Amino acid sequence: MGKHWTAIVLTCQSVDSAHAYQDELNLRQKKGLIPADTLLLTVEDPKAHVGSGGATLNALLIVAEHLSARSHFTVVTSEVLSDAHILIMHMGRDFPFDPCGKAFTTLPATLRSEGAVGYDGLFCNLDSLLDTMTRKISATSPPGVWVCSTDMLLTVPNVLEVDWTDFSGVCAVTVAANVAYARNHGVYRVNTEGTVEDIVYKPSSTSMQELVTAEGTVHLVSGVVFLSAGVAERLLNVHVIPPLDACTYMGLDSGAEPIKLSLFFDILLCMASLVTEEAFVSGDRSGQYGGTPRPRNEREVMIMRNARALLWKTLRGINVKAVCIPNGRHDYMTPEPPSSQPHISMTEDATVHLQHLLQCPLQLDRICNLTWAPVTHSTIEEGCTVEDSSVVINSVLQGNVHVTSGTVVNHCHLKGHICIPEGCYLNGLGEDVSKVLQSTQLIPNTVLQCFHVNLFGTDTATVYTIFGTKDGLQATAGEDNTFCNESWTVFFQRTGILHGDLWGPHMPTEECCLMNAKLFPVFHPTEPVGIAEVLWLLSKSKGASLLDRWRGSWRVSLQEVLSAVDHAAEFKWRRDLFYSVGQQRVQEVLLSGRGDCLLPFFKSAAVEGYHRQVLSTLDQVALEACPQVVTETTTPGITARTLACIADVLGSLAGDQWGLRSGPAANKSWQAAFQLLEAGEYPAGIQALVRERERWLDSSRPDHLIRAARHYEGAEQILRRNIVMTAKQFIHTQPSPVPGVGQWVVAECPARIDVSGGWSDTPPITYEHGGSVTNIALLIDGKKPIGAKAKRIQEPELVLVMGSNLDNSSVGLTCRELTDMETYCQPHAPGALLKACIVCAELVTLPSPTPLREQLQARHGCGFELHTWSDLPHGSGLGTSSIMAGAILAVLYKVTGREADSLSLMHGVLYVEQLLTSGGGWQDQVGGLDPGVKIGRCRPQVPVKIEVEHVPVSDECLQAVNSRLVLVYTGTTRLARNLLQDVVRNWYARLPEIVANCDGLVTNAEECARAFKEGDLAAIGACMDRYWEQKKKMAPGSEPAAVRRMMTALKPHVYGQVLAGAGGGGFMCVLTKEPGGLQLVREVLQTAGVGEDVSIHAAQVDMTGITVTTLE
C-alpha cells in the first residue's frame, strides 16, 4: 500500500504553470493514483529562483495554512504538522528537452494497476517518483515532511528499511555513487554512526578521498530529505521572522525583497555536525552550491548573514541521519561533463536525455509496476519502420516514416516519406509539418522540437527549435563549441548569419551561448514562418531569400521559449495525441477480435473529457461490424462487444457512486432502437441508440448515464441472443405416435451439480473463448426432483399449471388469446418459461394474424394442458429452470407426435432461454438431461453447438462418490441474474484476470473429467476446491459469510466443496473424505454451530437422465 499522504505539494516557478500542474495532479487523484482525501497543492515560488530552500519554506507555509483551515483554526498553526504526512516535490528550473519539465518527461513505460482495473495514460518521471516515495521510501515513516526533487531518475529496487523508533530529526536519503559521477554533484560526509557531518558540492580530488566509504563509493545527495514533524514545526516558525520571511509569499506581500536559500547548503548544512557557525553564517560553506558566493553589495551580504544566523539559531543541534538506498541508482536528468574533463563547467546537451529514454535506468527496478517497451502508446502504421534501439512514445507514424537506430520520437504525428536519421530527438511535431520534413534531409544527431508558447501576451503560438544533440546549450559560442553539431564559425559561414543577428552588440562575448541566441523565428510581418525557416538553419547551401526572411522575422531564443511555454497547451497536445492513438487502437482491437482490455482507456477518457471522441469511434466500429445476415462468418459479435464498450464509457462517466451498473433496461424511449435490433436491422438500430444516448448524455446527470449504460447492455443482450439462437439448427425431431386426448406424457429429470468449468458455458464466453464443464446428474434424497407432463385436451386453449412439491402449491393460468402468450419473453411473468417452450416447440406462432384458438384447432385439432413441478427451492443453483425447460420440450414434442434426443433438447433449452431473454449457458441442461458424469464442450465458434462426452466411471468410484456426496442447502437464495450481468460485462471488457480465469476453468474441467476416469477422489475434490476459487474470481461477492463459515468448518473433513451454479447461495456440494458423508456433515455443522438454518440432503449419481413416459 505505502504512505497515505495528508498533502502533496508541487512547487513551480510561475502561476500559469501552477494551474496546469494542478490539473495534472487532480487527474491523477481522479484516476485513483492519489487517495481522494489527500490535499493537492501546486505552489508557485514567491519570486523566480528563490532556491530549493526558499521554495520548501514557502510550500510548508501554504500547506500549513490549508491544514489549519481544515482544522478550523483562524491563523497558521504549526500543531497541524504534528500528525501530518506531507510530500513536497520541487519542479526546479526549465528543461530544454521537454516543455513540461523534468517531472513531466514522458517515459517509455505503461503503469500496471494492482488489483482492480486502473486507468490508462502516459507515465512520467513524476509518476515514478511519486510511486517510489509512496511505496518504497516513506512507507513506514512517522508524521513529518518529505521533500523530493524531480530533476533525477531515482531507482529504488527494494522497500527502504529504516528504524524510525523515536525518530525526531532529519533523514537524508543517499545513494552509493562512484567517485566519477559524484564529482559533479553534492556529497554527504557521514560518520560511522550514520550522522551527516558535512555536505560538499563538487568535491575536489583531495576532499573526495575523505568522503569515500570502505566500499569505494560516496554518499550522494539524492534530492530526498525527511523532516520530522518537530523539525518541520521549527522551520515553519521562522516564516514570520525577517529576513527569512522573504522566502515566502507572505514576506513578498509585506514588501520584503526575496532571498535565495538552498535546501541542502543552507537549511541542512547548518545541522551538519562538523560545520562551524562562522563558516556557515559567513557564506563560505553555504549558498546555492555550497561555495563562496559571487560578490554582491554589502546590503545583500548582510541580509544573507542574518538569514543564516537565524537558521543556525533555529535548527542547530538537530541530528541529520543518512540512510543509503541499497543497490539504488541516481541519474541526474541534467547532464554532467565527462569525468575525464572535470574542469569543464556543467553544460546541457541532449545526449544524456536521449540515453535516459533509450535505456531508461528505471528498468532496473525489480518491484516497479511498469511495463517497458520501445514503442509505447503509439500507432505505427504498415509501411513505417522503427529500427531496434529506437524509442517512439505517444506518437502516430503514417505513410512511410523510417525511424533509424538510436532515435527518439516523442509526442509526434508524422505522415509520409520521412527518414529520421540516427541519434535524433523529435518532440511535439504535428502532422502539419510532415510535408516540409518530406522535402528536408535531416542530419544525424539533431534535436527538433515544437513548443506551444505565450509570448508577450499573444495567443498560444507554436515555435520550432533545432540544434544538435551534442551542442552545449550554455557553452560560450565560439570555435570550440557547436550549433547543429558544427562549429559556430562554420555555421556563420554557411548561412550568412552574423554574430550580431543572434546576440546584439551589448551582449558580452563570454555570455553568448546557444541558450540565449535569437535563432528561432516566430512570425514575419508579410510572410508566414514556421518549421521551414528553422530547418533552413541545417541547409547546406546559402539562400538569400531565406536569410532575408529569417532576418526580417521576430525571433526568440531557446531561453525565451522555455520561459514562455504554455503548459496547459502542451499537456493538451499530448493528451490529444494519446487519445488519437487510443481511438485507433480501439478500432483495431475490436474489429480484429483481439483480447486487449480497453476498460482502462475508457475510464481515462471519461475522467479527462475525451468521452465524446471515444464514443464516436465506438459508434463507427459498431456500424462497420454490423452484418446484414447472421451466418457462421458474419455475426453481430463484434457489434455486441462494441455496445458493451459504450456501456463501459457511460458507466465510467457516471462513476461508482450513482447506482449499480446492473438494472432494468426497458425504458420506452429506447424501445424503437431495441425493436430495430430485434428485427435484425442493425445499422438503423445502432443509429437510433446513438440519437437516444445523446439525449441522455446532454442531461449530464450521473443517474441518467448509469441508466443509459444499462440500456446499451440491454441492446448488447439482443445481439447476443441472436447469436445464441443459431443453436436452433441443431434441434432435430423424429415422428412418433400421437397420444390420445387426455393421455398424459410425463418427463422426470435429475438435478445437476457442476464440479468444474461453469461460467465457461455462458454466452458470449462460450462462443468467443470456448467452454468445458464437468457435471453430474443427481438424485436428491433418492428421487428425480424436476418434472413436467402434458396432455391433449378437447378445448383449443393452453392450460398451464406451475407446481411446487415443497409446499404442494400450484399456480394455474389459461391462454385463449395470443395476447395471453406475449409475456413469454418476460422471465418474471407467470408461466413465462412454459410459454417460451411452447413457442420454441412451435405449437403456435407469435406474432401471427391468426388467433390462438384457430392456430391450435388447425394444427393440432385440440388444446393442451401442461404441468411442471420441482422439489427444489427457487435459486437452488442445481439448474432447475433449464432442466425443467428440457422436460417441457420433451413432453411437448411427444404430445404433438415428435421425439427429440437429449442433444436436441439441450440446444432447444438454449434457444428457449434466449426467447425468455434470461440468457444463461448450456451446462444445466447437459447436467440434468444426460445421465451420470459427463463433460460438455462448446467450441469458440458460431453457430453455437454443444458437444457432450460421457465420462466412464468405474462402479467402485461411483459407489465411493455416492457414499460421500452431500448437498447442503444454505438457506440463502442466489441472485444469479445480477451475477450473470457482472460476468458478461467483465468478459466483454477482457479484464486480464477474467480471461486468465476462463482459461483456468476450461483446463480444470478437463482435469476433473480425467480424475473421474481414474477414480481419484482426492483429485476430484481438488478440482472442486479450485473451481470454487475460480467462481469467486468470476463473480466477486458470490460467497456469503454464512457459507464461508460452513466451508471453514467442513474443510478438514472433505476432499472438496463448492457452491452450485453461479454461487451466492443455494446448494453447496461437499465430497467428504470418509463414507457416510450425510451424517458426518450434519455432525460437523452442528458442532460448529453454523447449521441452524440449513438442510442436508443425500445425493447420488443418476444413471438414467431424463425419462419420458406415456401413461395409459
# chains A, B, ... in the order shown; residues from 1 in each chain; ligands from 1
>>> closest_atom_pairs(of="region 76-130 of chain A", to="region 633-652 of chain A", cutoff="12 Å", atoms="only C-alpha atoms", output="Markdown table")
| residue | atom | partner | partner_atom | distance |
| --- | --- | --- | --- | --- |
| A:Val117 | CA | A:Ser652 | CA | 11.9 |
| A:Gly118 | CA | A:Ser652 | CA | 11.6 |
| A:Tyr119 | CA | A:Ser652 | CA | 10.7 |
>>> select_by_dssp(residues="region 534-760 of chain A", states="helix (DSSP H, G or I)", output="VMD selection string")
chain A and resid 534 to 538 544 to 551 558 to 563 567 to 592 599 to 608 611 to 624 637 to 654 668 to 678 682 to 698 702 to 730
>>> closest_atom_pairs(of="region 666-773 of chain A", to="region 951-969 of chain A", cutoff="12 Å", atoms="only C-alpha atoms", output="Markdown table")
| residue | atom | partner | partner_atom | distance |
| --- | --- | --- | --- | --- |
| A:Ala751 | CA | A:Leu967 | CA | 11.4 |
| A:Arg752 | CA | A:Leu967 | CA | 11.2 |
| A:Ile753 | CA | A:Leu967 | CA | 9.4 |
| A:Val755 | CA | A:Leu965 | CA | 11.5 |
| A:Val773 | CA | A:Val951 | CA | 11.8 |
>>> closest_residue(among="A:Lys518, A:Lys945, A:His85, A:His356", to="Leu153 (chain A)", atoms="only C-alpha atoms")
A:His356
>>> atom_distance(atom1="CA of Arg551 (chain A)", atom2="CA of Asp501 (chain A)")
7.5 Å
>>> residues_around(residues="Leu414 (chain A)", least_positions_apart="5", cutoff="6 Å", atoms="only C-alpha atoms", output="ChimeraX atom specification")
/A:397,431,434
>>> closest_residue(among="A:Glu44, A:Asp999, A:Asp596, A:Glu716", to="Thr766 (chain A)", atoms="only C-alpha atoms")
A:Asp999
>>> residues_around(residues="Ser848 (chain A)", least_positions_apart="5", cutoff="12 Å", atoms="only C-alpha atoms", output="ChimeraX atom specification")
/A:817-819,821-822,839,853-855
>>> closest_residue(among="A:Asn481, A:Gln857, A:Ser804, A:Thr460", to="Val565 (chain A)", atoms="only C-alpha atoms")
A:Thr460
>>> residues_around(residues="Val983 (chain A)", least_positions_apart="6", cutoff="12 Å", atoms="only C-alpha atoms", output="list in words")
Ser662, Gly758, Trp759, Ser760, Asp761, Thr762, Pro763, Pro764, Ile765, Gly920, Ala976, Arg977, Ala989, Arg990, Leu991, Glu993, Ile994, Val995, Asn997, Cys998, Lys1031, Lys1032, Lys1033, Met1034, Ala1035, Pro1036, Gly1037, Ser1038 and Ala1062 of chain A
>>> write_last_selection(atoms="N, CA and C atoms", output="JSON list (two decimals), in the first residue's frame")
[["chain", "number", "residue", "atom", "x", "y", "z"],
["A", 662, "SER", "N", -25.87, -2.88, -13.01],
["A", 662, "SER", "CA", -26.94, -3.81, -13.36],
["A", 662, "SER", "C", -28.28, -3.22, -12.94],
["A", 758, "GLY", "N", -17.92, -24.39, -14.84],
["A", 758, "GLY", "CA", -19.04, -23.49, -15.02],
["A", 758, "GLY", "C", -18.62, -22.05, -15.24],
["A", 759, "TRP", "N", -19.45, -21.29, -15.89],
["A", 759, "TRP", "CA", -19.22, -19.92, -16.41],
["A", 759, "TRP", "C", -18.58, -19.98, -17.78],
["A", 760, "SER", "N", -17.79, -21.02, -18.10],
["A", 760, "SER", "CA", -17.24, -21.08, -19.45],
["A", 760, "SER", "C", -18.32, -21.47, -20.46],
["A", 761, "ASP", "N", -19.50, -21.89, -19.98],
["A", 761, "ASP", "CA", -20.61, -22.22, -20.87],
["A", 761, "ASP", "C", -21.51, -21.01, -21.15],
["A", 762, "THR", "N", -21.18, -19.89, -20.52],
["A", 762, "THR", "CA", -22.04, -18.71, -20.60],
["A", 762, "THR", "C", -21.75, -17.90, -21.87],
["A", 763, "PRO", "N", -22.76, -17.60, -22.67],
["A", 763, "PRO", "CA", -22.53, -16.68, -23.80],
["A", 763, "PRO", "C", -22.23, -15.27, -23.25],
["A", 764, "PRO", "N", -21.33, -14.52, -23.84],
["A", 764, "PRO", "CA", -20.59, -14.82, -25.08],
["A", 764, "PRO", "C", -19.29, -15.59, -24.84],
["A", 765, "ILE", "N", -18.96, -15.89, -23.57],
["A", 765, "ILE", "CA", -17.70, -16.57, -23.29],
["A", 765, "ILE", "C", -17.61, -17.86, -24.08],
["A", 920, "GLY", "N", -28.02, -17.00, -19.99],
["A", 920, "GLY", "CA", -27.58, -18.25, -19.38],
["A", 920, "GLY", "C", -26.91, -19.16, -20.39],
["A", 976, "ALA", "N", -28.70, -14.90, -9.34],
["A", 976, "ALA", "CA", -27.85, -15.29, -10.46],
["A", 976, "ALA", "C", -27.87, -14.28, -11.59],
["A", 977, "ARG", "N", -29.01, -13.61, -11.79],
["A", 977, "ARG", "CA", -29.09, -12.69, -12.93],
["A", 977, "ARG", "C", -28.11, -11.55, -12.79],
["A", 989, "ALA", "N", -15.17, -6.67, -21.33],
["A", 989, "ALA", "CA", -14.08, -5.74, -21.06],
["A", 989, "ALA", "C", -12.72, -6.42, -21.19],
["A", 990, "ARG", "N", -12.71, -7.73, -21.29],
["A", 990, "ARG", "CA", -11.48, -8.53, -21.37],
["A", 990, "ARG", "C", -10.54, -8.20, -20.21],
["A", 991, "LEU", "N", -11.12, -8.17, -19.02],
["A", 991, "LEU", "CA", -10.27, -7.98, -17.86],
["A", 991, "LEU", "C", -9.26, -9.12, -17.83],
["A", 993, "GLU", "N", -7.60, -10.70, -15.60],
["A", 993, "GLU", "CA", -7.79, -11.77, -14.63],
["A", 993, "GLU", "C", -8.99, -12.65, -15.00],
["A", 994, "ILE", "N", -9.99, -12.07, -15.68],
["A", 994, "ILE", "CA", -11.16, -12.86, -16.10],
["A", 994, "ILE", "C", -10.80, -13.75, -17.27],
["A", 995, "VAL", "N", -10.05, -13.22, -18.23],
["A", 995, "VAL", "CA", -9.62, -14.04, -19.37],
["A", 995, "VAL", "C", -8.77, -15.21, -18.89],
["A", 997, "ASN", "N", -8.80, -16.52, -15.96],
["A", 997, "ASN", "CA", -9.64, -17.42, -15.18],
["A", 997, "ASN", "C", -10.47, -18.32, -16.09],
["A", 998, "CYS", "N", -10.93, -17.79, -17.22],
["A", 998, "CYS", "CA", -11.68, -18.62, -18.16],
["A", 998, "CYS", "C", -10.79, -19.72, -18.72],
["A", 1031, "LYS", "N", -14.75, -19.59, -9.36],
["A", 1031, "LYS", "CA", -16.09, -18.97, -9.36],
["A", 1031, "LYS", "C", -16.07, -17.62, -8.64],
["A", 1032, "LYS", "N", -15.35, -17.57, -7.54],
["A", 1032, "LYS", "CA", -15.29, -16.31, -6.77],
["A", 1032, "LYS", "C", -14.56, -15.23, -7.55],
["A", 1033, "LYS", "N", -13.60, -15.63, -8.39],
["A", 1033, "LYS", "CA", -12.94, -14.63, -9.24],
["A", 1033, "LYS", "C", -13.88, -14.14, -10.33],
["A", 1034, "MET", "N", -14.68, -15.05, -10.86],
["A", 1034, "MET", "CA", -15.61, -14.65, -11.91],
["A", 1034, "MET", "C", -16.70, -13.74, -11.37],
["A", 1035, "ALA", "N", -17.16, -14.02, -10.17],
["A", 1035, "ALA", "CA", -18.27, -13.25, -9.60],
["A", 1035, "ALA", "C", -17.98, -12.92, -8.14],
["A", 1036, "PRO", "N", -17.17, -11.89, -7.90],
["A", 1036, "PRO", "CA", -16.88, -11.50, -6.52],
["A", 1036, "PRO", "C", -18.17, -11.22, -5.75],
["A", 1037, "GLY", "N", -18.19, -11.65, -4.51],
["A", 1037, "GLY", "CA", -19.39, -11.48, -3.71],
["A", 1037, "GLY", "C", -20.30, -12.69, -3.74],
["A", 1038, "SER", "N", -19.85, -13.76, -4.40],
["A", 1038, "SER", "CA", -20.70, -14.95, -4.53],
["A", 1038, "SER", "C", -20.54, -15.90, -3.35],
["A", 1062, "ALA", "N", -24.04, -20.48, -10.05],
["A", 1062, "ALA", "CA", -23.31, -19.21, -10.05],
["A", 1062, "ALA", "C", -22.76, -18.85, -8.68]]
>>> select_by_dssp(residues="region 161-271 of chain A", states="strand (DSSP E or B)", output="MDAnalysis selection string")
chainID A and resid 170:177 186:190 195:201 218:228
>>> residues_around(residues="Gln1086 (chain A)", least_positions_apart="6", cutoff="12 Å", atoms="only C-alpha atoms", output="list of chain:residue names")
A:Met1046, A:Ala1049, A:Leu1050, A:Gln1079, A:Leu1080, A:Glu1092, A:Asp1093, A:Val1094, A:Ser1095, A:Ile1096
>>> write_last_selection(atoms="N, CA, C and O atoms", output="compact mmCIF listing (two decimals), in the first residue's frame")
# COMPACT_ATOMS: atom_id res chain seq x y z
N MET A 1046 -19.40 -22.20 7.06
CA MET A 1046 -19.66 -23.64 6.90
C MET A 1046 -18.48 -24.33 6.21
O MET A 1046 -18.05 -25.41 6.61
N ALA A 1049 -15.59 -24.83 8.55
CA ALA A 1049 -15.82 -25.93 9.49
C ALA A 1049 -15.65 -27.29 8.82
O ALA A 1049 -15.13 -28.25 9.42
N LEU A 1050 -16.06 -27.40 7.56
CA LEU A 1050 -16.02 -28.69 6.88
C LEU A 1050 -14.67 -29.02 6.26
O LEU A 1050 -14.39 -30.19 5.97
N GLN A 1079 -24.20 -38.07 7.46
CA GLN A 1079 -24.16 -37.94 8.91
C GLN A 1079 -22.96 -37.10 9.34
O GLN A 1079 -23.05 -36.29 10.27
N LEU A 1080 -21.85 -37.28 8.67
CA LEU A 1080 -20.64 -36.53 9.02
C LEU A 1080 -20.87 -35.03 8.87
O LEU A 1080 -20.53 -34.24 9.77
N GLU A 1092 -27.79 -24.05 11.75
CA GLU A 1092 -29.16 -23.93 12.26
C GLU A 1092 -30.20 -23.78 11.15
O GLU A 1092 -31.29 -24.34 11.22
N ASP A 1093 -29.87 -22.98 10.11
CA ASP A 1093 -30.87 -22.67 9.08
C ASP A 1093 -30.67 -23.46 7.81
O ASP A 1093 -31.19 -23.10 6.75
N VAL A 1094 -29.89 -24.55 7.86
CA VAL A 1094 -29.61 -25.29 6.64
C VAL A 1094 -30.33 -26.63 6.68
O VAL A 1094 -30.75 -27.11 7.74
N SER A 1095 -30.46 -27.22 5.50
CA SER A 1095 -30.96 -28.60 5.41
C SER A 1095 -29.95 -29.42 4.63
O SER A 1095 -29.29 -28.91 3.73
N ILE A 1096 -29.82 -30.66 5.01
CA ILE A 1096 -28.78 -31.52 4.45
C ILE A 1096 -29.45 -32.68 3.70
O ILE A 1096 -30.40 -33.29 4.21
>>> closest_residue(among="A:Ile62, A:Ala890, A:Ala232, A:Ala688", to="Ala747 (chain A)", atoms="only C-alpha atoms")
A:Ala890
>>> closest_atom_pairs(of="region 292-409 of chain A", to="region 568-580 of chain A", cutoff="9 Å", atoms="only C-alpha atoms", output="tab-separated table")
residue	atom	partner	partner_atom	distance
A:His377	CA	A:Phe578	CA	6.9
A:Ser378	CA	A:Phe578	CA	7.9
A:Asn394	CA	A:Phe578	CA	5.8
A:Ser395	CA	A:Leu577	CA	6.7
A:Val396	CA	A:Leu577	CA	7.8
>>> write_last_selection(atoms="N, CA and C atoms", output="short mmCIF file (atom, residue, chain, number, x, y, z; two decimals), in the first residue's frame")
data_model
loop_
_atom_site.label_atom_id
_atom_site.label_comp_id
_atom_site.auth_asym_id
_atom_site.auth_seq_id
_atom_site.Cartn_x
_atom_site.Cartn_y
_atom_site.Cartn_z
N HIS A 377 2.37 3.53 -26.31
CA HIS A 377 1.23 4.41 -26.59
C HIS A 377 1.34 5.04 -27.97
N SER A 378 1.66 4.24 -28.97
CA SER A 378 1.88 4.78 -30.31
C SER A 378 1.23 3.90 -31.37
N ASN A 394 4.04 7.94 -27.51
CA ASN A 394 2.84 8.75 -27.72
C ASN A 394 2.87 9.44 -29.08
N SER A 395 3.02 8.66 -30.12
CA SER A 395 3.16 9.23 -31.46
C SER A 395 2.36 8.41 -32.48
N VAL A 396 2.10 9.05 -33.61
CA VAL A 396 1.45 8.41 -34.74
C VAL A 396 2.39 8.53 -35.93
#
>>> closest_residue(among="A:Ile418, A:Met906, A:Val301, A:Ile1020", to="Ser439 (chain A)", atoms="only C-alpha atoms")
A:Ile418
>>> residues_around(residues="region 302-310 of chain A", least_positions_apart="2", cutoff="7 Å", atoms="only C-alpha atoms", output="ChimeraX atom specification")
/A:243-244,281-282,298-300,312-314
>>> write_last_selection(atoms="N, CA, C and O atoms", output="CSV table (one decimal), in the first residue's frame")
chain,number,residue,atom,x,y,z
A,243,PRO,N,15.1,38.0,8.2
A,243,PRO,CA,14.8,38.2,6.8
A,243,PRO,C,14.2,36.9,6.1
A,243,PRO,O,14.0,36.9,4.9
A,244,LEU,N,14.1,35.8,6.9
A,244,LEU,CA,13.6,34.5,6.3
A,244,LEU,C,12.2,34.6,5.8
A,244,LEU,O,11.7,33.8,5.0
A,281,VAL,N,27.6,30.9,8.6
A,281,VAL,CA,26.9,32.3,8.6
A,281,VAL,C,27.6,33.2,7.6
A,281,VAL,O,27.0,34.0,6.9
A,282,SER,N,29.0,33.1,7.5
A,282,SER,CA,29.7,33.9,6.6
A,282,SER,C,29.4,33.6,5.1
A,282,SER,O,29.5,34.5,4.2
A,298,GLU,N,26.9,45.2,-0.2
A,298,GLU,CA,27.0,45.0,1.2
A,298,GLU,C,25.7,44.7,1.9
A,298,GLU,O,25.6,43.9,2.8
A,299,ARG,N,24.6,45.3,1.4
A,299,ARG,CA,23.3,45.1,2.0
A,299,ARG,C,22.9,43.7,1.8
A,299,ARG,O,22.3,43.0,2.7
A,300,GLU,N,23.0,43.1,0.6
A,300,GLU,CA,22.6,41.7,0.3
A,300,GLU,C,23.5,40.8,1.2
A,300,GLU,O,22.9,39.8,1.7
A,312,TRP,N,20.8,29.1,11.8
A,312,TRP,CA,21.7,28.4,12.8
A,312,TRP,C,21.1,28.4,14.2
A,312,TRP,O,21.1,27.3,14.8
A,313,LYS,N,20.5,29.5,14.6
A,313,LYS,CA,19.9,29.6,15.9
A,313,LYS,C,18.7,28.6,16.0
A,313,LYS,O,18.5,28.0,17.0
A,314,THR,N,18.0,28.5,14.9
A,314,THR,CA,16.7,27.7,15.0
A,314,THR,C,16.9,26.2,14.8
A,314,THR,O,16.3,25.4,15.5
>>> atom_distance(atom1="CA of Ala256 (chain A)", atom2="CA of Ala55 (chain A)")
15.7 Å
>>> atom_distance(atom1="CA of Lys102 (chain A)", atom2="CA of His90 (chain A)")
10.3 Å
